[in-house]
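Trainee: Pasting upload-v2.csv here (CSV, C-alpha atoms):
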chain,number,residue,atom,x,y,z
A,1,MET,CA,-174.7,46.0,-86.9
A,2,ARG,CA,-178.3,47.1,-86.9
A,3,THR,CA,-181.8,45.4,-86.7
A,4,ALA,CA,-185.8,45.6,-86.1
A,5,PHE,CA,-188.9,43.9,-84.1
A,6,VAL,CA,-192.8,44.1,-84.3
A,7,VAL,CA,-195.9,42.4,-82.5
A,8,SER,CA,-199.0,41.1,-84.3
A,9,SER,CA,-202.5,42.1,-83.5
A,10,ILE,CA,-203.4,38.4,-82.9
A,11,VAL,CA,-201.7,37.5,-79.7
A,12,ARG,CA,-200.3,34.0,-79.6
A,13,PRO,CA,-198.3,34.0,-76.3
A,14,TYR,CA,-195.8,31.3,-75.5
A,15,HIS,CA,-196.2,31.8,-71.8
A,16,THR,CA,-198.7,33.6,-69.6
A,17,PRO,CA,-197.0,36.7,-68.2
A,18,HIS,CA,-195.9,36.0,-64.6
A,19,ARG,CA,-196.1,39.6,-63.5
A,20,LEU,CA,-197.2,43.0,-64.7
A,21,TYR,CA,-194.3,44.7,-66.3
A,22,SER,CA,-193.3,47.9,-64.6
A,23,TYR,CA,-192.3,49.5,-68.0
A,24,ARG,CA,-195.8,49.3,-69.4
A,25,LEU,CA,-197.5,52.6,-70.0
A,26,HIS,CA,-200.7,53.2,-68.0
A,27,SER,CA,-203.6,55.4,-69.2
A,28,GLN,CA,-207.4,55.2,-69.5
A,29,ASN,CA,-206.9,54.4,-73.2
A,30,MET,CA,-204.8,51.6,-74.7
A,31,PRO,CA,-201.2,52.6,-74.9
A,32,LYS,CA,-200.0,53.5,-78.4
A,33,TYR,CA,-197.3,51.1,-79.5
A,34,PRO,CA,-195.4,51.1,-82.7
A,35,GLU,CA,-196.6,48.8,-85.4
A,36,LEU,CA,-192.9,47.8,-86.0
A,37,CYS,CA,-190.1,47.9,-83.6
A,38,VAL,CA,-186.7,47.6,-85.3
A,39,PHE,CA,-183.5,46.7,-83.6
A,40,ASP,CA,-179.9,47.1,-84.5
A,41,LEU,CA,-177.8,44.1,-83.5
A,42,ASP,CA,-174.1,44.8,-82.6
A,43,ALA,CA,-173.6,46.7,-79.3
A,44,CYS,CA,-177.4,47.3,-79.3
A,45,LEU,CA,-179.5,44.1,-79.1
A,46,TRP,CA,-176.5,42.2,-77.9
A,47,ASP,CA,-173.1,42.9,-76.3
A,48,LYS,CA,-170.6,42.1,-79.1
A,49,GLU,CA,-169.5,43.4,-82.5
A,50,THR,CA,-169.9,40.4,-84.8
A,51,PHE,CA,-167.1,41.4,-87.1
A,52,GLU,CA,-164.8,40.8,-84.1
A,53,LEU,CA,-166.0,37.3,-83.5
A,54,SER,CA,-164.2,34.3,-85.0
A,55,ALA,CA,-166.9,31.7,-85.6
A,56,PRO,CA,-170.6,31.1,-85.5
A,57,PRO,CA,-172.2,29.0,-82.8
A,58,SER,CA,-172.8,25.7,-84.6
A,59,SER,CA,-173.7,23.1,-82.0
A,60,PRO,CA,-175.5,22.7,-78.6
A,61,SER,CA,-172.0,22.7,-77.0
A,62,HIS,CA,-171.7,26.4,-77.9
A,63,GLU,CA,-174.9,27.3,-75.9
A,64,ILE,CA,-174.4,28.9,-72.5
A,65,LEU,CA,-177.2,28.3,-70.0
A,66,GLY,CA,-178.2,31.1,-67.6
A,67,ASP,CA,-181.0,33.0,-65.9
A,68,LEU,CA,-183.5,34.5,-68.4
A,69,ASN,CA,-184.7,37.6,-66.4
A,70,GLY,CA,-186.2,35.5,-63.6
A,71,ARG,CA,-188.2,33.3,-66.0
A,72,GLY,CA,-186.0,30.3,-65.6
A,73,ARG,CA,-182.8,28.9,-67.1
A,74,GLY,CA,-182.3,28.8,-70.8
A,75,VAL,CA,-179.8,29.6,-73.6
A,76,ALA,CA,-178.6,33.1,-72.3
A,77,GLY,CA,-175.4,33.2,-74.4
A,78,VAL,CA,-173.6,31.5,-77.3
A,79,ARG,CA,-169.9,30.9,-77.7
A,80,CYS,CA,-168.6,32.4,-81.0
A,81,GLY,CA,-165.0,31.2,-81.1
A,82,ASN,CA,-163.3,32.5,-77.9
A,83,ASP,CA,-166.1,35.0,-77.0
A,84,VAL,CA,-169.6,34.6,-75.6
A,85,LEU,CA,-172.4,36.8,-77.1
A,86,ARG,CA,-175.3,37.7,-74.9
A,87,LEU,CA,-178.5,39.8,-75.2
A,88,TYR,CA,-178.5,43.1,-73.3
A,89,PRO,CA,-181.0,43.2,-70.3
A,90,GLY,CA,-183.4,45.6,-72.1
A,91,SER,CA,-183.4,43.5,-75.2
A,92,LEU,CA,-184.4,40.4,-73.3
A,93,LEU,CA,-187.1,42.3,-71.4
A,94,ALA,CA,-188.5,43.7,-74.7
A,95,LEU,CA,-188.5,40.3,-76.4
A,96,GLN,CA,-190.0,38.6,-73.4
A,97,GLY,CA,-192.8,41.1,-73.3
A,98,HIS,CA,-193.3,40.7,-77.1
A,99,ALA,CA,-193.5,36.9,-76.7
A,100,ASP,CA,-196.1,37.4,-73.9
A,101,GLY,CA,-198.2,39.7,-76.1
A,102,ALA,CA,-197.6,42.7,-73.9
A,103,TYR,CA,-197.5,45.2,-76.9
A,104,PRO,CA,-200.8,44.8,-78.9
A,105,GLY,CA,-200.4,45.5,-82.6
A,106,MET,CA,-196.6,45.5,-82.6
A,107,LYS,CA,-194.2,43.4,-84.6
A,108,VAL,CA,-190.4,43.3,-84.6
A,109,ALA,CA,-187.6,43.2,-87.2
A,110,LEU,CA,-183.8,43.8,-87.5
A,111,ALA,CA,-181.8,46.4,-89.3
A,112,SER,CA,-178.1,45.6,-89.0
A,113,SER,CA,-175.2,46.7,-91.1
A,114,ALA,CA,-172.9,43.7,-90.3
A,115,THR,CA,-169.7,44.5,-91.9
A,116,THR,CA,-168.8,41.2,-93.6
A,117,PRO,CA,-170.5,38.0,-94.8
A,118,ALA,CA,-168.9,36.2,-92.0
A,119,ALA,CA,-170.3,38.6,-89.4
A,120,GLU,CA,-173.8,38.1,-91.0
A,121,ARG,CA,-173.5,34.3,-90.7
A,122,ILE,CA,-172.4,34.6,-87.1
A,123,ALA,CA,-175.4,36.9,-86.4
A,124,ARG,CA,-178.0,34.6,-88.0
A,125,ALA,CA,-176.6,31.6,-86.2
A,126,ALA,CA,-176.7,33.4,-82.8
A,127,LEU,CA,-180.3,34.5,-83.4
A,128,GLU,CA,-181.4,30.9,-83.9
A,129,ARG,CA,-179.9,29.8,-80.6
A,130,LEU,CA,-180.4,32.6,-78.1
A,131,GLU,CA,-183.6,31.9,-76.1
A,132,VAL,CA,-186.1,34.5,-75.1
A,133,LEU,CA,-187.8,32.1,-72.7
A,134,PRO,CA,-186.6,28.8,-71.3
A,135,GLY,CA,-187.1,26.1,-74.0
A,136,GLY,CA,-188.0,28.7,-76.6
A,137,PRO,CA,-188.9,30.7,-78.4
A,138,THR,CA,-185.5,31.8,-79.7
A,139,VAL,CA,-185.1,35.3,-81.0
A,140,TRP,CA,-185.3,34.0,-84.5
A,141,ASP,CA,-188.5,32.1,-83.7
A,142,LEU,CA,-190.2,35.4,-82.7
A,143,LEU,CA,-189.0,37.2,-85.9
A,144,MET,CA,-190.4,34.4,-88.0
A,145,ARG,CA,-193.7,34.2,-86.0
A,146,ASP,CA,-194.4,37.9,-86.6
A,147,TRP,CA,-194.2,37.5,-90.4
A,148,ASP,CA,-195.6,34.0,-90.9
A,149,GLY,CA,-192.2,32.5,-91.6
A,150,THR,CA,-191.0,35.2,-94.0
A,151,ASP,CA,-187.6,36.7,-93.4
A,152,VAL,CA,-188.1,40.5,-93.6
A,153,ASN,CA,-184.9,41.3,-91.7
A,154,GLN,CA,-182.2,43.4,-93.2
A,155,ILE,CA,-178.8,42.1,-92.0
A,156,GLY,CA,-175.5,43.1,-93.5
A,157,ARG,CA,-174.2,45.5,-96.1
A,158,GLN,CA,-173.7,43.4,-99.1
A,159,PRO,CA,-175.7,44.5,-102.1
A,160,PRO,CA,-178.6,45.3,-102.3
A,161,LEU,CA,-177.8,46.5,-98.7
A,162,SER,CA,-175.2,49.1,-97.9
A,163,SER,CA,-173.6,50.8,-94.8
A,164,ASN,CA,-176.4,53.4,-95.0
A,165,LYS,CA,-179.5,52.1,-93.4
A,166,ALA,CA,-181.6,55.1,-94.4
A,167,GLU,CA,-180.9,54.4,-98.0
A,168,THR,CA,-181.2,50.6,-98.1
A,169,HIS,CA,-182.3,48.8,-94.9
A,170,PHE,CA,-185.4,50.9,-94.0
A,171,PRO,CA,-186.8,51.4,-97.5
A,172,ARG,CA,-186.5,47.6,-97.9
A,173,LEU,CA,-188.2,47.0,-94.5
A,174,ARG,CA,-191.0,49.3,-95.4
A,175,GLY,CA,-191.5,47.4,-98.7
A,176,ALA,CA,-191.3,44.0,-97.1
A,177,THR,CA,-193.6,44.7,-94.1
A,178,GLY,CA,-196.0,47.3,-95.5
A,179,VAL,CA,-195.5,49.3,-92.3
A,180,ARG,CA,-195.2,53.1,-92.7
A,181,TYR,CA,-192.1,54.9,-91.4
A,182,ASP,CA,-194.2,56.9,-89.0
A,183,LYS,CA,-195.4,53.7,-87.4
A,184,MET,CA,-191.9,52.5,-86.6
A,185,LEU,CA,-189.6,52.7,-83.5
A,186,TYR,CA,-185.9,52.1,-84.0
A,187,PHE,CA,-183.1,51.4,-81.5
A,188,ASP,CA,-179.4,51.7,-82.5
A,189,ASP,CA,-176.1,52.2,-80.6
A,190,CYS,CA,-174.9,54.8,-83.1
A,191,ILE,CA,-171.3,54.2,-82.1
A,192,TRP,CA,-169.8,54.0,-85.7
A,193,TYR,CA,-172.4,56.1,-87.6
A,194,ASP,CA,-175.4,58.2,-86.4
A,195,HIS,CA,-177.9,55.8,-87.9
A,196,CYS,CA,-180.7,57.2,-85.7
A,197,GLU,CA,-180.3,60.7,-87.2
A,198,MET,CA,-179.8,59.5,-90.7
A,199,VAL,CA,-183.0,57.3,-90.6
A,200,ALA,CA,-185.1,59.9,-88.7
A,201,SER,CA,-184.3,62.7,-91.2
A,202,SER,CA,-184.5,60.7,-94.4
A,203,CYS,CA,-187.2,58.1,-93.9
A,204,LYS,CA,-190.4,60.1,-93.7
A,205,GLU,CA,-193.9,59.7,-95.0
A,206,LYS,CA,-195.0,62.3,-97.6
A,207,ASP,CA,-198.5,62.8,-96.2
A,208,THR,CA,-197.7,63.3,-92.5
A,209,LYS,CA,-194.0,64.5,-92.9
A,210,TRP,CA,-193.4,62.2,-89.9
A,211,GLY,CA,-190.7,59.6,-89.9
A,212,VAL,CA,-189.2,56.8,-87.7
A,213,VAL,CA,-189.0,57.4,-84.0
A,214,THR,CA,-185.4,56.6,-83.0
A,215,VAL,CA,-183.6,56.0,-79.7
A,216,GLU,CA,-179.8,55.9,-79.3
A,217,THR,CA,-178.3,53.1,-77.1
A,218,PRO,CA,-174.6,53.8,-76.9
A,219,SER,CA,-174.2,51.5,-73.9
A,220,GLY,CA,-176.5,48.8,-75.3
A,221,LEU,CA,-180.3,48.4,-75.0
A,222,GLY,CA,-181.0,48.6,-71.3
A,223,GLU,CA,-184.4,48.4,-69.5
A,224,LYS,CA,-184.3,52.2,-69.1
A,225,GLU,CA,-183.7,52.7,-72.9
A,226,TRP,CA,-186.5,50.3,-73.7
A,227,ARG,CA,-189.0,52.2,-71.5
A,228,ILE,CA,-187.8,55.5,-72.9
A,229,GLY,CA,-188.4,54.3,-76.4
A,230,LEU,CA,-192.0,53.2,-75.7
A,231,GLU,CA,-192.8,56.4,-73.9
A,232,LYS,CA,-191.1,58.5,-76.7
A,233,TYR,CA,-193.1,56.8,-79.4
A,234,ALA,CA,-196.4,57.1,-77.4
A,235,THR,CA,-195.8,60.8,-76.8
A,236,MET,CA,-194.8,61.7,-80.4
A,237,ARG,CA,-197.7,59.8,-81.9
A,238,SER,CA,-200.4,60.9,-79.4
Please re-express this file's structure in structure tokens.
Mentor:
Amino acid sequence: MRTAFVVSSIVRPYHTPHRLYSYRLHSQNMPKYPELCVFDLDACLWDKETFELSAPPSSPSHEILGDLNGRGRGVAGVRCGNDVLRLYPGSLLALQGHADGAYPGMKVALASSATTPAAERIARAALERLEVLPGGPTVWDLLMRDWDGTDVNQIGRQPPLSSNKAETHFPRLRGATGVRYDKMLYFDDCIWYDHCEMVASSCKEKDTKWGVVTVETPSGLGEKEWRIGLEKYATMRS
């Protein structure tokens, strides 16, 4: 399953950052962040494959409280049948920084090829309950905040989507957001398909010949992978 994320130029933080994040890039000039950061879901943003889960989290009793990266206790997991789905550490760190306004000019979105309609329903239900900070926002709240309540996310592979994100998810993201391919950063586990290569080679701008900057996360999005992604984008677009 695949997905995406971006931060607006007008910062409306939910909380004041409690510390300086070690992964922030330092230079005399403002760091260059992507205009749109896109995340895959399954085995990338979170630790499960949704097609293997049996039911969506549908009530507060399915919410699992836990530590949210030292920011307090909140909904750190959701029970989906017999399994608990949780965000990877790097995903939580990235989303918390986004909620704090740490990445000026960036927004986020999702690009996931969830295999079945049931998997898509489970994913959307989980996004609405998993908290980024204690008491909110949830992941879904951030996605809606960035786009003034419009759902630009591309989740699933039912028409008009497909299993090929380069052919369907990313062209639709570009159309829905107005963000150029060469202003995007994308994270994907690439376990089933090499979506990073497919997107990077196919989704390019005609004028610059540049495309989406991609980062593979075969073990999920960790703090190291998040930092590498920001540095890779800044280097390639400097």
Trainee: What is the distance, in Å and to one decimal place, between CA of Val199 in chain A and CA of Ser112 in chain A?
Mentor: 12.8 Å
Trainee: Out of A:Leu173, A:Leu142, A:Leu41, A:Leu133, which residue has the shortest atom-to-atom distance to Asp67 in chain A when counting only C-alpha atoms?
Mentor: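 Of A:Leu173, A:Leu142, A:Leu41, A:Leu133, the one nearest Asp67 in chain A is A:Leu133, counting only C-alpha atoms.
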Trainee: Just the residues within 8 Å of Ala123 in chain A, please, counting all atoms listed in the file, with nothing from its chain fewer than 3 positions along; format it as an NGL selection string.
Mentor: :A and (50 or 56 or 119-120 or 126-127)
Trainee: Measure the distance from CA of Cys190 in chain A to CA of Val84 in chain A in Å and round it to one decimal.
Mentor: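 So the answer is 22.2 Å.
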Trainee: What lies within 7 Å of Trp46 in chain A using all atoms listed in the file, ignoring chain neighbours under 4 positions off, as a PyMOL selection string?
Mentor: chain A and resi 41-42+85-88
Trainee: May I ask for the distance between CA of Ala94 in chain A and CA of Pro134 in chain A, given in Å to one decimal place?
Mentor: 15.4 Å
Trainee: Choose the residue, out of A:Thr217, A:Pro137, A:Gly175, A:Ser163, that has the smallest atom-to-atom separation from Met198 in chain A; count all atoms listed in the file.
Mentor: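 The shortest atom-to-atom distance to Met198 in chain A comes from A:Ser163.
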Trainee: A:Arg124, A:Ser202, A:Val152, A:Val132: which is nearest Val38 in chain A, counting all atoms listed in the file?
Mentor: A:Val152
Trainee: Determine, for each residue of range 85-141 of chain A having at least one atom at most 10 Å from an atom of range 176-188 of chain A, the closest pair of atoms and their separation in Å to one decimal, counting all atoms listed in the file; order by chain and ascending number, as a Markdown table.
Mentor:
| residue | atom | partner | partner_atom | distance |
| --- | --- | --- | --- | --- |
| A:Met106 | CA | A:Met184 | CA | 9.3 |
| A:Lys107 | CA | A:Met184 | CA | 9.6 |
| A:Val108 | CA | A:Leu185 | CA | 9.5 |
| A:Ala109 | CA | A:Thr177 | CA | 9.3 |
| A:Leu110 | CA | A:Tyr186 | CA | 9.2 |
| A:Ala111 | CA | A:Tyr186 | CA | 8.8 |
| A:Ser112 | CA | A:Asp188 | CA | 9.0 |
Trainee: Give the answer as one residue: which of A:Val139, A:Asn69, A:Glu205, A:Glu128 has the shortest atom-to-atom distance to Arg174 in chain A, using all atoms listed in the file?
Mentor: A:Glu205
Trainee: Looking at A:Phe170, A:Tyr33, A:Trp192, A:Tyr103, which one is nearest to Val212 in chain A, with distances taken over only C-alpha atoms?
Mentor: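 Of A:Phe170, A:Tyr33, A:Trp192, A:Tyr103, the one nearest Val212 in chain A, counting only C-alpha atoms, is A:Phe170.
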Trainee: Counting all atoms listed in the file, which residue out of A:Gly156, A:Pro104, A:Gly136, A:Gly149 sits closest to Phe51 in chain A?
Mentor: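 Checking each of A:Gly156, A:Pro104, A:Gly136, A:Gly149 against Phe51 in chain A, counting all atoms listed in the file, the winner is A:Gly156.
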Trainee: Fewer than 6 positions away in the same chain doesn't count, so skip those; otherwise give me all residues within 8 Å of Gly220 in chain A, counting all atoms listed in the file, as a list in words.
Mentor: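 Result of the neighbour search: Ala43, Cys44, Leu45, Trp46, Asp47, Tyr88 and Asp189 of chain A.
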Trainee: Since we have the selection now, will you write its residues out, keeping C-alpha atoms, as a PDB file, keeping the file's coordinate frame?
Mentor:
ATOM      1  CA  ALA A  43    -173.600  46.700 -79.300  1.00  0.00           C
ATOM      2  CA  CYS A  44    -177.400  47.300 -79.300  1.00  0.00           C
ATOM      3  CA  LEU A  45    -179.500  44.100 -79.100  1.00  0.00           C
ATOM      4  CA  TRP A  46    -176.500  42.200 -77.900  1.00  0.00           C
ATOM      5  CA  ASP A  47    -173.100  42.900 -76.300  1.00  0.00           C
ATOM      6  CA  TYR A  88    -178.500  43.100 -73.300  1.00  0.00           C
ATOM      7  CA  ASP A 189    -176.100  52.200 -80.600  1.00  0.00           C
TER       8      ASP A 189
END
Trainee: Can you tell me which residues surround Glu63 in chain A at a distance of at most 8 Å, considering only C-alpha atoms, apart from same-chain residues fewer than 6 positions away, and format the answer as a list of chain:residue names?
Mentor: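 Once the nearby chain positions are removed, what remains is A:Pro57, A:Val75, A:Ala76, A:Gly77, A:Val78, A:Arg79, A:Arg129, A:Leu130.
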Trainee: Quick one: residues within 12 Å of (-183.3, 49.0, -101.0) (file frame), counting all atoms listed in the file, please, as JSON, numbers by chain.
Mentor: {"A": [154, 157, 158, 159, 160, 161, 162, 163, 164, 165, 166, 167, 168, 169, 170, 171, 172, 173, 174, 175, 176]}
